[in-house]
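Q: Below you'll find the structure I mean.
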Amino acid sequence: MAEAQVKPRTLPYVAAITDGVRAVLREQDNAFVVGEDVAGAGGVYGYYKGILKEFGPDRIYDTPISEEGIVGLGVGASATGCRPIIDLMFMDFMGECMDEISNQMAKMRYMFGGRVTLPVTMLTMAGAGASLAAQHSQSLEAWICHLPGLKVVMPTTPYDAKGLIISAARDNNPVIVVLNKMSLGMMGEVPEESYAIPIGEANIVRPGANYTIVAIGRMVHEALKAAEQLKDLGIDAEVIDPRSLQPFDTATVVKSVEKTHRALVVHEAVRFGGIGAEIASQIQELAFDYLDAPVARVGAPFSPVPFSPALEAHYVPNADRIVAEVKKQLGI
Amino acid sequence: MEQITDATLLDIHRRMIRIRIFEETAGKLMEDGKIPGALHLYVGQEAIASAVMVHLSNKDWITSTHRGHGHLIAKGGEFDQMFAELYGKATGYCKGKGGSMHISNLDLGMLGANGIVGGGPPIAVGAGFSNKFRKTDNVSVSFFGDGASNEGSFHEAANMAGLYKLPVIFICENNGYGEYTAQKNHQAIVDVADRAAGYGMPGVIVDGMDAIAVFEAAGEAIKRARAGEGPTLLECKTYRYFDHVGVRGMGLSYRTDEEVEQWRKRDPIESLEKRLADQGILSPEAAQAVHDEVRTQVQDSVRFAEQSPMPDPSTLLEDVYAA
C-alpha cells in the first residue's frame, strides 16, 4: 500500500534563520537575543520577525548602536550563566567591536586557564551584490578564522542556516555564524523539528570524479553552476561546502583531492590573504603527491567593494570566473 | 546610610594590608627577574578595592584592569595561586596561561584583570545583564581608570547600563594618570563623575584614599543597584605610588617627586590605622601584628610559587576551546 507522500516544507533562507533562532529560544531557557533593531523591527533583514511576539520582551532586546557594547554584553552574560545570541547587523561592523571579539571573547577561556566557558553565538551578515558599497558588503571571515578560541560557520542553504544556528547555540564556545545577504530569498527544505549540523564537518554538495572545488559561503551556488558548465569540457567536478571554516574539515578536502588530483578554492572575499590561501596551502602540504596542478584560487580582486552595479558585477566572483580559472589551470 | 562596624573596619584594613604587601613583594620579584613580564601595581589605591569588596559576595561579579591584583586579593584571592600565576606556574589561578594581566577566579566572581584599557566595562554590563535576566539580586562592579574613561567601550557600556537600568556599578579609580600621561593632558574635565550625567545615572565623587568614605559611597551605589534602581558612576580620587609598570615611584619625567610625597602623606593604610587606633579598635601593635602575619603568608606563598612546577608543554593547546 503506497503511503501518502508528505511534501517536505520549504522556506527561504531568511525564514530558516528565524526558525533556528526560535528553536534555540525554545530549547534553552537562558538564551536571549540582543542587537540593533532586532526586537521592535524584527531585524533589518526581517529574520527576527515574530520573535518578540512569540517569546516576549525578556528574550529579545533592541540595543543602542553600540557594537562593542553588544559583543561585550555577550561576553559578560555568557561567562556568567547565560547563552546569548548577539546580532551584528553587518560583518563590516566588526571594526567597531574587534577588541571584544578578538581580545575578550576569543581569548578569555585560554587566558583564564580554561576556567570560564563562553557559550555565545554571534549572527552576522556578509556578502556583496546589493550595491551597498564598501562598508556594507565585505566578507571578512579571514579576520576571525585567524583567532584561536572562535568557531566560524558559514551556512549556504536554508537547511544549513537553521541547523548551524542551533549547533552554534548548543556549542560551549563563541561561534560566529556568517550569513549571506544575497541568499536571504533562496528557497530550500527546512524540517520543522530542531536539528543540529555538526560544526567542523564539510558537506560534499556535488560528488565528482576528477576536479575538486572548495567553495566558501554563497560561492557554493556559483560553483554548482560552474560544475554544470564544466561537464561540457569533460570535467566532473566535486563541489565541497566546508560550512565550518574554524574548525576546518581538512580531511574531507584532502580525501577529495586524492581522488581528483586537481583543486580550486573560491570565495567572495579578497583573494590576497583570504581563507582560500590557507586551504590551498593545506592541500599542498597534505596532498602534494596527488596534485597534477597547483591549487587554483578565485576571489575578489584587491580593492574595496565598489558601489556601481557595473563595477560590482565585475568584482564578485561567479560561475564564469570559476570556469575560466579552471580552464586556465588546465591549459584549455 | 549603612553604619560601618568594627568588624568591617578590621576586614577592610586586613584586605588593604594584604594588597600592599603582596604588591610590594611582587614588584621586587619582578625587578629581580624572578617574575617574568610586566606588573602594574596597585600600591596607593588599596582603599578602593578593599572597601568596595566588603559589600560583595562571590556571586557578585567584578571586572578589573591591567592593575588588577588588588581587586582579586580584595575579592578573596589566595596568595598561593596568585603568586604561582605571576610566576607562570601550573598551580596558578590560570595554570600559567594568563599571568598578571589576566589573573582571574570565577568562583570568587572575579572576571579577570584585563590587558586592554576599557576592556572591562562592556563585560561588566554583560554580567549585570545576566544578573537581571536570571532574576538574581547580584550586582556587577567594573573597576577602571581615568584613562579608560576616554575609551569608547566605557561610553557604550555606561549608556547600555543606564538604558537597561542594570545592576552595575562603574568605579573609576582616578589616579591622575593614564599610563604616563597626566589627566590634564588626556581629558578636558577634572571629574570623571561628570560623565554619568550623559548616561542617566548618578555620578559620585569620593576620596579614594579614605577607606571609610569609599565604603559608604560604594554601599549606597550597590544598594541602589540591588534594589533595581540602576547603575552609578563612582569616582574615587586616588594615586598610583609607583610607575605605570614596576615599582619605581620617584624621579620620573612625567610627574614631580613633590606630588608623590604629597599623596603619600595621605596614605590610605596609615590614615585608616590612625583612625582605628584613635577609636580604640586596633592598637598600633595589633596593626603591626597584621602586617607581620600577612608578610609571613606572602613569604610562604612565594615559596609555594617557586617550588611549583612549570606548566607542561603538553598543556599548551589545552583550554583554547571548551568541549
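Identifiers in this document derive from the order of the C-alpha cells: chains are assigned A, B, ..., residues are numbered from 1 separately in each chain, and ligands are numbered from 1 in order of occurrence.
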Return as an MDAnalysis selection string the residues belonging to chain A that are within 10 Å of chain B, counting only C-alpha atoms.

A: chainID A and resid 29:32 58:59 61 63:84 96:97 99:100 103:119 148:151 171:174

Q: Can you pull out every residue within 8 Å of His13 in chain B, counting only C-alpha atoms, but drop anything in the same chain fewer than 3 positions away, and send it as a VMD selection string?

A: chain B and resid 9 to 10 16 to 17 50 269 272 to 273

Q: Report the distance between CA of Lys75 in chain B and CA of Leu282 in chain B in Å, rounded to one decimal place.

A: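 Computing the Euclidean distance for CA of Lys75 in chain B and CA of Leu282 in chain B yields 22.7 Å.
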
Q: Here is a test: counting only C-alpha atoms, which residue of B:Asn175, B:Gln299, B:Ser308, B:Asn58 is nearest to Glu46 in chain B?

A: B:Asn175

Q: Would you kindly return, as an mmCIF file with C-alpha atoms, in the first residue's frame, each protein, DNA or RNA residue with an atom no farther than 10 Å from any atom of range 260-266 of chain A, considering only C-alpha atoms and excluding same-chain residues fewer than 6 positions away?

A:
data_model
loop_
_atom_site.group_PDB
_atom_site.id
_atom_site.type_symbol
_atom_site.label_atom_id
_atom_site.label_comp_id
_atom_site.auth_asym_id
_atom_site.auth_seq_id
_atom_site.Cartn_x
_atom_site.Cartn_y
_atom_site.Cartn_z
ATOM 1 C CA GLY A 208 32.535 14.394 -8.754
ATOM 2 C CA ALA A 209 35.370 12.322 -10.116
ATOM 3 C CA ASN A 210 38.161 14.453 -11.460
ATOM 4 C CA TYR A 211 38.114 18.000 -10.059
ATOM 5 C CA THR A 212 37.629 19.459 -6.554
ATOM 6 C CA ILE A 213 36.081 22.859 -5.976
ATOM 7 C CA VAL A 214 36.074 24.101 -2.394
ATOM 8 C CA ALA A 215 33.535 26.911 -2.298
ATOM 9 C CA ILE A 216 33.006 29.257 0.634
ATOM 10 C CA GLY A 217 29.660 30.790 1.522
ATOM 11 C CA ARG A 218 27.439 31.878 -1.358
ATOM 12 C CA MET A 219 30.115 30.787 -3.841
ATOM 13 C CA VAL A 220 28.840 27.226 -3.323
ATOM 14 C CA GLU A 222 28.246 29.607 -8.215
ATOM 15 C CA ALA A 223 30.474 26.548 -8.012
ATOM 16 C CA ASP A 236 33.242 16.046 -13.380
ATOM 17 C CA ALA A 237 33.703 18.471 -10.517
ATOM 18 C CA GLU A 238 33.197 17.637 -6.880
ATOM 19 C CA VAL A 239 31.912 20.690 -5.006
ATOM 20 C CA ILE A 240 32.667 20.867 -1.293
ATOM 21 C CA VAL A 253 39.019 18.175 1.250
ATOM 22 C CA VAL A 254 42.255 16.201 1.149
ATOM 23 C CA GLY A 274 41.811 35.136 2.085
ATOM 24 C CA ILE A 275 40.880 31.841 3.699
ATOM 25 C CA GLY A 276 41.441 30.257 0.277
ATOM 26 C CA ALA A 277 45.159 30.801 0.699
ATOM 27 C CA GLU A 278 45.090 28.726 3.883
ATOM 28 C CA ILE A 279 43.026 25.979 2.271
ATOM 29 C CA ALA A 280 45.260 25.859 -0.807
ATOM 30 C CA ILE A 283 46.024 20.888 0.281
ATOM 31 C CA GLN A 284 49.550 21.350 -0.978
ATOM 32 C CA ALA A 287 48.176 16.065 -0.791
ATOM 33 C CA PHE A 288 51.128 17.338 -2.803
ATOM 34 C CA ASP A 289 51.915 13.968 -4.327
ATOM 35 C CA TYR A 290 48.365 13.673 -5.586
ATOM 36 C CA LEU A 291 48.223 17.042 -7.296
ATOM 37 C CA ASP A 292 48.548 17.323 -11.060
ATOM 38 C CA ALA A 293 48.484 21.128 -10.965
ATOM 39 C CA PRO A 294 48.906 23.921 -8.414
ATOM 40 C CA VAL A 295 45.762 24.658 -6.429
ATOM 41 C CA ALA A 296 43.856 27.475 -8.124
ATOM 42 C CA ARG A 297 42.165 30.301 -6.263
ATOM 43 C CA VAL A 298 39.275 32.559 -7.190
ATOM 44 C CA GLY A 299 38.415 35.558 -5.042
ATOM 45 C CA ALA A 300 37.628 39.218 -5.275
ATOM 46 C CA PRO A 317 33.368 36.059 -8.321
ATOM 47 C CA ASN A 318 30.848 33.964 -10.234
ATOM 48 C CA ALA A 319 30.475 30.713 -12.171
ATOM 49 C CA ARG A 321 35.161 33.186 -13.443
ATOM 50 C CA ILE A 322 35.425 29.804 -11.789
ATOM 51 C CA GLU A 325 40.169 29.744 -13.826
ATOM 52 C CA VAL A 326 39.704 26.007 -14.224
ATOM 53 C CA GLN A 329 44.747 25.864 -14.753
ATOM 54 C CA LEU A 330 44.215 23.003 -17.183
#

Q: Can you work out which one of B:Ala148, B:Val168, B:Ala193, B:Ala286 has the shortest atom-to-atom distance to Pro231 in chain B, counting only C-alpha atoms?

A: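 Closest residue, counting only C-alpha atoms: B:Val168.
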
Q: If you run DSSP over the backbone, which residues in range 79-134 of chain A end up strand (DSSP E or B)? Put them as an MDAnalysis selection string.

A: chainID A and resid 85:88 121:126

Q: Identify all residues of range 13-240 of chain A in alpha helix (DSSP H) (DSSP on the backbone) and supply them as a PyMOL selection string.

A: chain A and resi 13-27+51-55+67-79+98+108-111+141-145+158-170+219-231

Q: If I take CA of Gly331 in chain A and CA of Ala226 in chain A, how far is one from the other in Å, to one decimal?

A: 17.0 Å

Q: Skip range 218-228 of chain B itself and residues of its chain fewer than 4 positions away, then list as a PyMOL selection string all residues within 9 Å of it, counting only C-alpha atoms.

A: chain B and resi 1-2+51-52+55-56+132+136-141+165-169+171+202+213-214+232-234

Q: Find the residues around Glu78 in chain B up to 12 Å (only C-alpha atoms counted), leave out those fewer than 2 positions away in its own chain, and share them as a ChimeraX atom specification.

A: /B:15,18-19,22,69-76,80-85,91-93,103-105,107-108,294,297-298,300-302,304-305
